[in-house]
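Chemist: Sharing a structure with you now.
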Amino acid sequence: MSIQQLQDTLRAHADAIEDTGVVGRGAAVRRRAARIRVRRALVVAAVVAIVLPAAGLAALGVNPFDRTAPVVTPPGPTSDLFVEAFAGRTLIDAEVATGRSEMVFTAEASRNTEWRAVCEGVGSRYTLHVAMDDGEPGELPCDVPLLSGRWIAYQFGPEHPVKGEHTLRLWLTSTSGREKAPPVDGQIGAAVYRLPAPAATVAGHQVQALEMDGGSEFRLVRREESMPGARVLSSTYSSRTRPVEVGWYTSGSGTQEVQVYVDGRPETGLTLGNGGPGLVLTPGEAHTVSLRIVGDVPPDALLGLVWREEVR
């Protein structure tokens, strides 16, 4: 499904909520939607590496379609697309291209690294596509801030070989079509960051102590993992004063769909073996998140949930 089709679907869903006439419930849904960002794990060619506790390459990403997000107004171009450090990460190398529809970023950095890409100055009428080492690409609208919580990133864990060159390929297309579209003043950029040691391994994925979302840091406070071969994992968490972030992680030998439910409502889905930070939820109430494998459950399947609280 293209970005335009998904945007149309989400608008239609929002209209259906408003037309129900149930004013109280509709208002509550809109308030909740305004505070939640949805993320989606990306599938890559080396996805099999992330089913092991010592993950080699993990692809993390987001669903870029905030249901309440306004149309993005293009800002002026800047040479500072990447910060020097955030959430324990430190910048190793970066490259920025202006007025080009595509670029290739190559660096000799592998173990304990995170690779990110952004575009700026072109507005949401453009879509950024990103592929690591010729794997399956991910995409998101342009002019999404690097630390907004809506991003694409690729991680190489501590067991990956120290030496090795990797390549991140970026290209722009118009959001309404698929043709490459070079903007005159827009910029695209790629960077590689050094990761700190992982804080934990959850369902085969190495999890960082800190993540960034909306310009705020979130610190790991709880992690849960299912028994091997379990179909469902459910967890409830409440924070009185601070927003909480929940992430979901899965592993197993199959390719089954894993459905994600938040407070009893279907939220998103991912393929077994994928995972990453998921949602930022409102404080002051208990939230229940459930993962459910659809179809046959592999005996080695693992489901995991990670909760973080905003750092003040």
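Within each chain, counting starts at residue 1; across the structure tokens, chains are named A, B, ... in the order shown, with ligands numbered 1 upward in that order.
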Skip region 211-221 of chain A itself and residues of its chain fewer than 3 positions away, then list as a PyMOL selection string all residues within 7 Å of it, counting only C-alpha atoms.
Modeler: chain A and resi 87+147-149+208+245+307-311
Chemist: Once you have the residues from the selection above, write them out as a PDB file, in the first residue's frame, restricted to N, CA, C and O atoms.
Modeler:
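This went into part_35.pdb:
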ATOM      1  N   ALA A  87      20.526  10.107  23.517  1.00  0.00           N
ATOM      2  CA  ALA A  87      20.137   8.826  24.124  1.00  0.00           C
ATOM      3  C   ALA A  87      21.289   7.836  24.194  1.00  0.00           C
ATOM      4  O   ALA A  87      21.131   6.649  23.884  1.00  0.00           O
ATOM      5  N   LEU A 147      14.705  13.255  15.763  1.00  0.00           N
ATOM      6  CA  LEU A 147      14.405  12.720  17.092  1.00  0.00           C
ATOM      7  C   LEU A 147      12.921  12.785  17.414  1.00  0.00           C
ATOM      8  O   LEU A 147      12.525  12.813  18.572  1.00  0.00           O
ATOM      9  N   SER A 148      12.082  12.789  16.399  1.00  0.00           N
ATOM     10  CA  SER A 148      10.643  12.945  16.620  1.00  0.00           C
ATOM     11  C   SER A 148       9.974  11.677  17.117  1.00  0.00           C
ATOM     12  O   SER A 148       8.868  11.718  17.625  1.00  0.00           O
ATOM     13  N   GLY A 149      10.629  10.544  16.961  1.00  0.00           N
ATOM     14  CA  GLY A 149       9.975   9.266  17.252  1.00  0.00           C
ATOM     15  C   GLY A 149       9.471   8.586  16.003  1.00  0.00           C
ATOM     16  O   GLY A 149       9.065   7.436  16.039  1.00  0.00           O
ATOM     17  N   GLN A 208      18.196  -1.018  24.104  1.00  0.00           N
ATOM     18  CA  GLN A 208      18.957   0.076  24.701  1.00  0.00           C
ATOM     19  C   GLN A 208      18.275   0.599  25.965  1.00  0.00           C
ATOM     20  O   GLN A 208      17.053   0.531  26.101  1.00  0.00           O
ATOM     21  N   GLU A 245       6.609   4.929  27.204  1.00  0.00           N
ATOM     22  CA  GLU A 245       6.798   4.369  25.877  1.00  0.00           C
ATOM     23  C   GLU A 245       6.820   2.852  25.996  1.00  0.00           C
ATOM     24  O   GLU A 245       7.485   2.305  26.876  1.00  0.00           O
ATOM     25  N   TRP A 307       8.893  -1.476  28.623  1.00  0.00           N
ATOM     26  CA  TRP A 307       8.275  -0.223  29.063  1.00  0.00           C
ATOM     27  C   TRP A 307       9.364   0.769  29.455  1.00  0.00           C
ATOM     28  O   TRP A 307      10.323   0.422  30.138  1.00  0.00           O
ATOM     29  N   ARG A 308       9.182   2.021  29.029  1.00  0.00           N
ATOM     30  CA  ARG A 308      10.090   3.103  29.393  1.00  0.00           C
ATOM     31  C   ARG A 308       9.305   4.282  29.919  1.00  0.00           C
ATOM     32  O   ARG A 308       8.172   4.512  29.482  1.00  0.00           O
ATOM     33  N   GLU A 309       9.907   5.047  30.843  1.00  0.00           N
ATOM     34  CA  GLU A 309       9.300   6.277  31.320  1.00  0.00           C
ATOM     35  C   GLU A 309      10.127   7.467  30.860  1.00  0.00           C
ATOM     36  O   GLU A 309      11.354   7.381  30.738  1.00  0.00           O
ATOM     37  N   GLU A 310       9.448   8.580  30.614  1.00  0.00           N
ATOM     38  CA  GLU A 310      10.135   9.786  30.178  1.00  0.00           C
ATOM     39  C   GLU A 310      11.110  10.257  31.254  1.00  0.00           C
ATOM     40  O   GLU A 310      10.793  10.268  32.442  1.00  0.00           O
ATOM     41  N   VAL A 311      12.295  10.660  30.816  1.00  0.00           N
ATOM     42  CA  VAL A 311      13.319  11.147  31.730  1.00  0.00           C
ATOM     43  C   VAL A 311      13.141  12.653  31.895  1.00  0.00           C
ATOM     44  O   VAL A 311      13.030  13.383  30.904  1.00  0.00           O
TER      45      VAL A 311
END
Chemist: Mind pulling up the distance from CA of Phe86 (chain A) to CA of Cys119 (chain A)?
Modeler: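 Between CA of Cys119 (chain A) and CA of Phe86 (chain A) the gap is 18.6 Å.
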Chemist: Could you list, with a cut-off of 12 Å and counting only C-alpha atoms, the residues of region 250-273 of chain A near region 227-231 of chain A, each shown with its nearest atom pair and the distance in Å rounded to one decimal, rows sorted by chain and ascending number, as CSV?
Modeler:
residue,atom,partner,partner_atom,distance
A:Thr250,CA,A:Pro228,CA,10.9
A:Ser251,CA,A:Pro228,CA,9.7
A:Gly252,CA,A:Gly229,CA,8.7
A:Ser253,CA,A:Gly229,CA,10.7
A:Gly254,CA,A:Gly229,CA,11.3
A:Gln256,CA,A:Arg231,CA,11.0
A:Glu257,CA,A:Arg231,CA,11.2
A:Val258,CA,A:Arg231,CA,9.2
A:Gln259,CA,A:Arg231,CA,10.6
A:Leu272,CA,A:Arg231,CA,11.4
Chemist: Leaving out Gln187 (chain A) and any residue of its chain fewer than 3 positions from it, which residues lie within 7 Å of it when counting only C-alpha atoms, given as a list in words?
Modeler: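 Neighbouring residues, sequence-local ones excluded: Pro77, Val96, Ala97, Thr98, Gly99, Cys119, Glu120 and Gly121 of chain A.
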Chemist: How would the residues just picked look written out with N, CA and C atoms as an mmCIF file, in the first residue's frame?
Modeler:
data_model
loop_
_atom_site.group_PDB
_atom_site.id
_atom_site.type_symbol
_atom_site.label_atom_id
_atom_site.label_comp_id
_atom_site.auth_asym_id
_atom_site.auth_seq_id
_atom_site.Cartn_x
_atom_site.Cartn_y
_atom_site.Cartn_z
ATOM 1 N N PRO A 77 16.467 24.954 4.124
ATOM 2 C CA PRO A 77 17.512 23.936 4.239
ATOM 3 C C PRO A 77 18.557 24.309 5.283
ATOM 4 N N VAL A 96 25.650 14.784 3.919
ATOM 5 C CA VAL A 96 24.434 15.480 3.519
ATOM 6 C C VAL A 96 24.567 15.897 2.063
ATOM 7 N N ALA A 97 23.496 15.711 1.282
ATOM 8 C CA ALA A 97 23.472 16.119 -0.124
ATOM 9 C C ALA A 97 22.320 17.090 -0.338
ATOM 10 N N THR A 98 22.548 18.143 -1.114
ATOM 11 C CA THR A 98 21.545 19.169 -1.395
ATOM 12 C C THR A 98 21.136 19.114 -2.866
ATOM 13 N N GLY A 99 19.813 19.208 -3.102
ATOM 14 C CA GLY A 99 19.306 19.266 -4.466
ATOM 15 C C GLY A 99 19.444 17.984 -5.246
ATOM 16 N N CYS A 119 15.469 13.586 5.622
ATOM 17 C CA CYS A 119 15.414 14.558 4.539
ATOM 18 C C CYS A 119 14.747 15.815 5.086
ATOM 19 N N GLU A 120 15.070 16.956 4.493
ATOM 20 C CA GLU A 120 14.596 18.223 5.041
ATOM 21 C C GLU A 120 14.490 19.261 3.934
ATOM 22 N N GLY A 121 13.519 20.158 4.102
ATOM 23 C CA GLY A 121 13.381 21.279 3.192
ATOM 24 C C GLY A 121 12.531 21.025 1.974
#
Chemist: Leaving out Arg116 (chain A) and any residue of its chain fewer than 2 positions from it, which residues lie within 8 Å of it when counting only C-alpha atoms, given as an mmCIF file with N, CA and C atoms, in the first residue's frame?
Modeler:
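Just written: part-v3.cif:
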data_model
loop_
_atom_site.group_PDB
_atom_site.id
_atom_site.type_symbol
_atom_site.label_atom_id
_atom_site.label_comp_id
_atom_site.auth_asym_id
_atom_site.auth_seq_id
_atom_site.Cartn_x
_atom_site.Cartn_y
_atom_site.Cartn_z
ATOM 1 N N GLU A 114 24.369 2.395 14.950
ATOM 2 C CA GLU A 114 23.003 2.656 14.494
ATOM 3 C C GLU A 114 23.075 3.627 13.327
ATOM 4 N N VAL A 118 17.599 11.050 7.108
ATOM 5 C CA VAL A 118 16.570 12.083 7.173
ATOM 6 C C VAL A 118 16.557 12.859 5.856
ATOM 7 N N TRP A 151 11.012 7.505 12.697
ATOM 8 C CA TRP A 151 12.292 7.404 12.006
ATOM 9 C C TRP A 151 12.520 5.996 11.512
ATOM 10 N N ILE A 152 13.535 5.860 10.669
ATOM 11 C CA ILE A 152 14.013 4.550 10.243
ATOM 12 C C ILE A 152 15.448 4.419 10.722
ATOM 13 N N ALA A 153 15.789 3.311 11.347
ATOM 14 C CA ALA A 153 17.161 3.096 11.805
ATOM 15 C C ALA A 153 17.520 1.626 11.669
ATOM 16 N N TYR A 154 18.803 1.377 11.437
ATOM 17 C CA TYR A 154 19.338 0.019 11.355
ATOM 18 C C TYR A 154 20.435 -0.126 12.406
ATOM 19 N N ALA A 190 22.541 10.993 5.668
ATOM 20 C CA ALA A 190 22.673 9.719 6.374
ATOM 21 C C ALA A 190 23.781 9.851 7.402
ATOM 22 N N ALA A 191 23.647 9.109 8.499
ATOM 23 C CA ALA A 191 24.642 9.170 9.572
ATOM 24 C C ALA A 191 24.740 7.829 10.255
ATOM 25 N N VAL A 192 25.889 7.574 10.850
ATOM 26 C CA VAL A 192 26.092 6.385 11.661
ATOM 27 C C VAL A 192 26.515 6.833 13.053
#
Chemist: Please return as a ChimeraX atom specification: the residues of region 96-235 of chain A that backbone DSSP assigns to strand (DSSP E or B).
Modeler: /A:96-98,102-107,113-120,126-132,138-141,153-156,166-174,180,187-194,200-202,205-207,210-213,216-225,232-235
Chemist: Find, counting only C-alpha atoms, the residue in A:Lys163, A:Arg169, A:Arg312, A:Lys180 that gets nearest to Thr241 (chain A).
Modeler: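 When distances to Thr241 (chain A) are compared using only C-alpha atoms, the smallest one comes from A:Arg312.
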Chemist: What's around Thr175 (chain A) at 6 Å? Count only C-alpha atoms, leave out sequence neighbours fewer than 4 positions away in its own chain, and write the answer as a list of chain:residue names.
Modeler: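 Counting only the stated atoms, we get A:Arg125, A:Tyr126, A:Thr127.
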Chemist: Mind writing the picked residues with N, CA, C and O atoms as a short mmCIF file (atom, residue, chain, number, x, y, z; two decimals), in the first residue's frame?
Modeler:
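Once everything was written out, this is out06.cif:
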data_model
loop_
_atom_site.label_atom_id
_atom_site.label_comp_id
_atom_site.auth_asym_id
_atom_site.auth_seq_id
_atom_site.Cartn_x
_atom_site.Cartn_y
_atom_site.Cartn_z
N ARG A 125 5.24 16.33 0.70
CA ARG A 125 4.87 15.88 -0.65
C ARG A 125 5.93 14.94 -1.21
O ARG A 125 5.75 14.34 -2.28
N TYR A 126 7.06 14.80 -0.51
CA TYR A 126 8.10 13.87 -0.90
C TYR A 126 8.17 12.72 0.11
O TYR A 126 7.88 12.90 1.30
N THR A 127 8.61 11.56 -0.37
CA THR A 127 8.81 10.39 0.49
C THR A 127 10.28 9.98 0.42
O THR A 127 10.87 9.93 -0.67
#
Chemist: Rank A:Gly275, A:Gly284, A:Gly295, A:Pro198 by their smallest atom-to-atom distance to Val246 (chain A), using only C-alpha atoms, and report the top residue only.
Modeler: A:Gly275
Chemist: Out of A:Ser110, A:Ser239, A:Ser226, A:Thr268, which residue has the shortest atom-to-atom distance to Asp300 (chain A) when counting only C-alpha atoms?
Modeler: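 With only C-alpha atoms as the atom set, the closest residue is A:Ser226.
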Chemist: If you measure from CA of Glu108 (chain A) to CA of Leu172 (chain A), what distance in Å do you get, rounded to one decimal?
Modeler: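 CA of Glu108 (chain A) sits 24.7 Å away from CA of Leu172 (chain A).
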Chemist: Any idea what the distance is between CA of Trp115 (chain A) and CA of Arg178 (chain A)?
Modeler: 24.2 Å
Chemist: Which neighbours of Ala131 (chain A) fall inside 10 Å, counting only C-alpha atoms, when residues of the same chain fewer than 4 positions from it are skipped, and could you give them as a PyMOL selection string?
Modeler: chain A and resi 44-45+104+117+135-139+152-154+167-171
Chemist: From the set A:Val294, A:Val144, A:Leu81, A:Ala209, which residue has the shortest atom-to-atom contact distance to Leu195 (chain A), counting only C-alpha atoms?
Modeler: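 When distances to Leu195 (chain A) are compared using only C-alpha atoms, the smallest one comes from A:Ala209.
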Chemist: May I have the residues within 12 Å of Ala200 (chain A) as a PyMOL selection string, using only C-alpha atoms and disregarding those fewer than 3 positions away in the same chain?
Modeler: chain A and resi 53-55+157+196-197+203-210+220-225+304-306
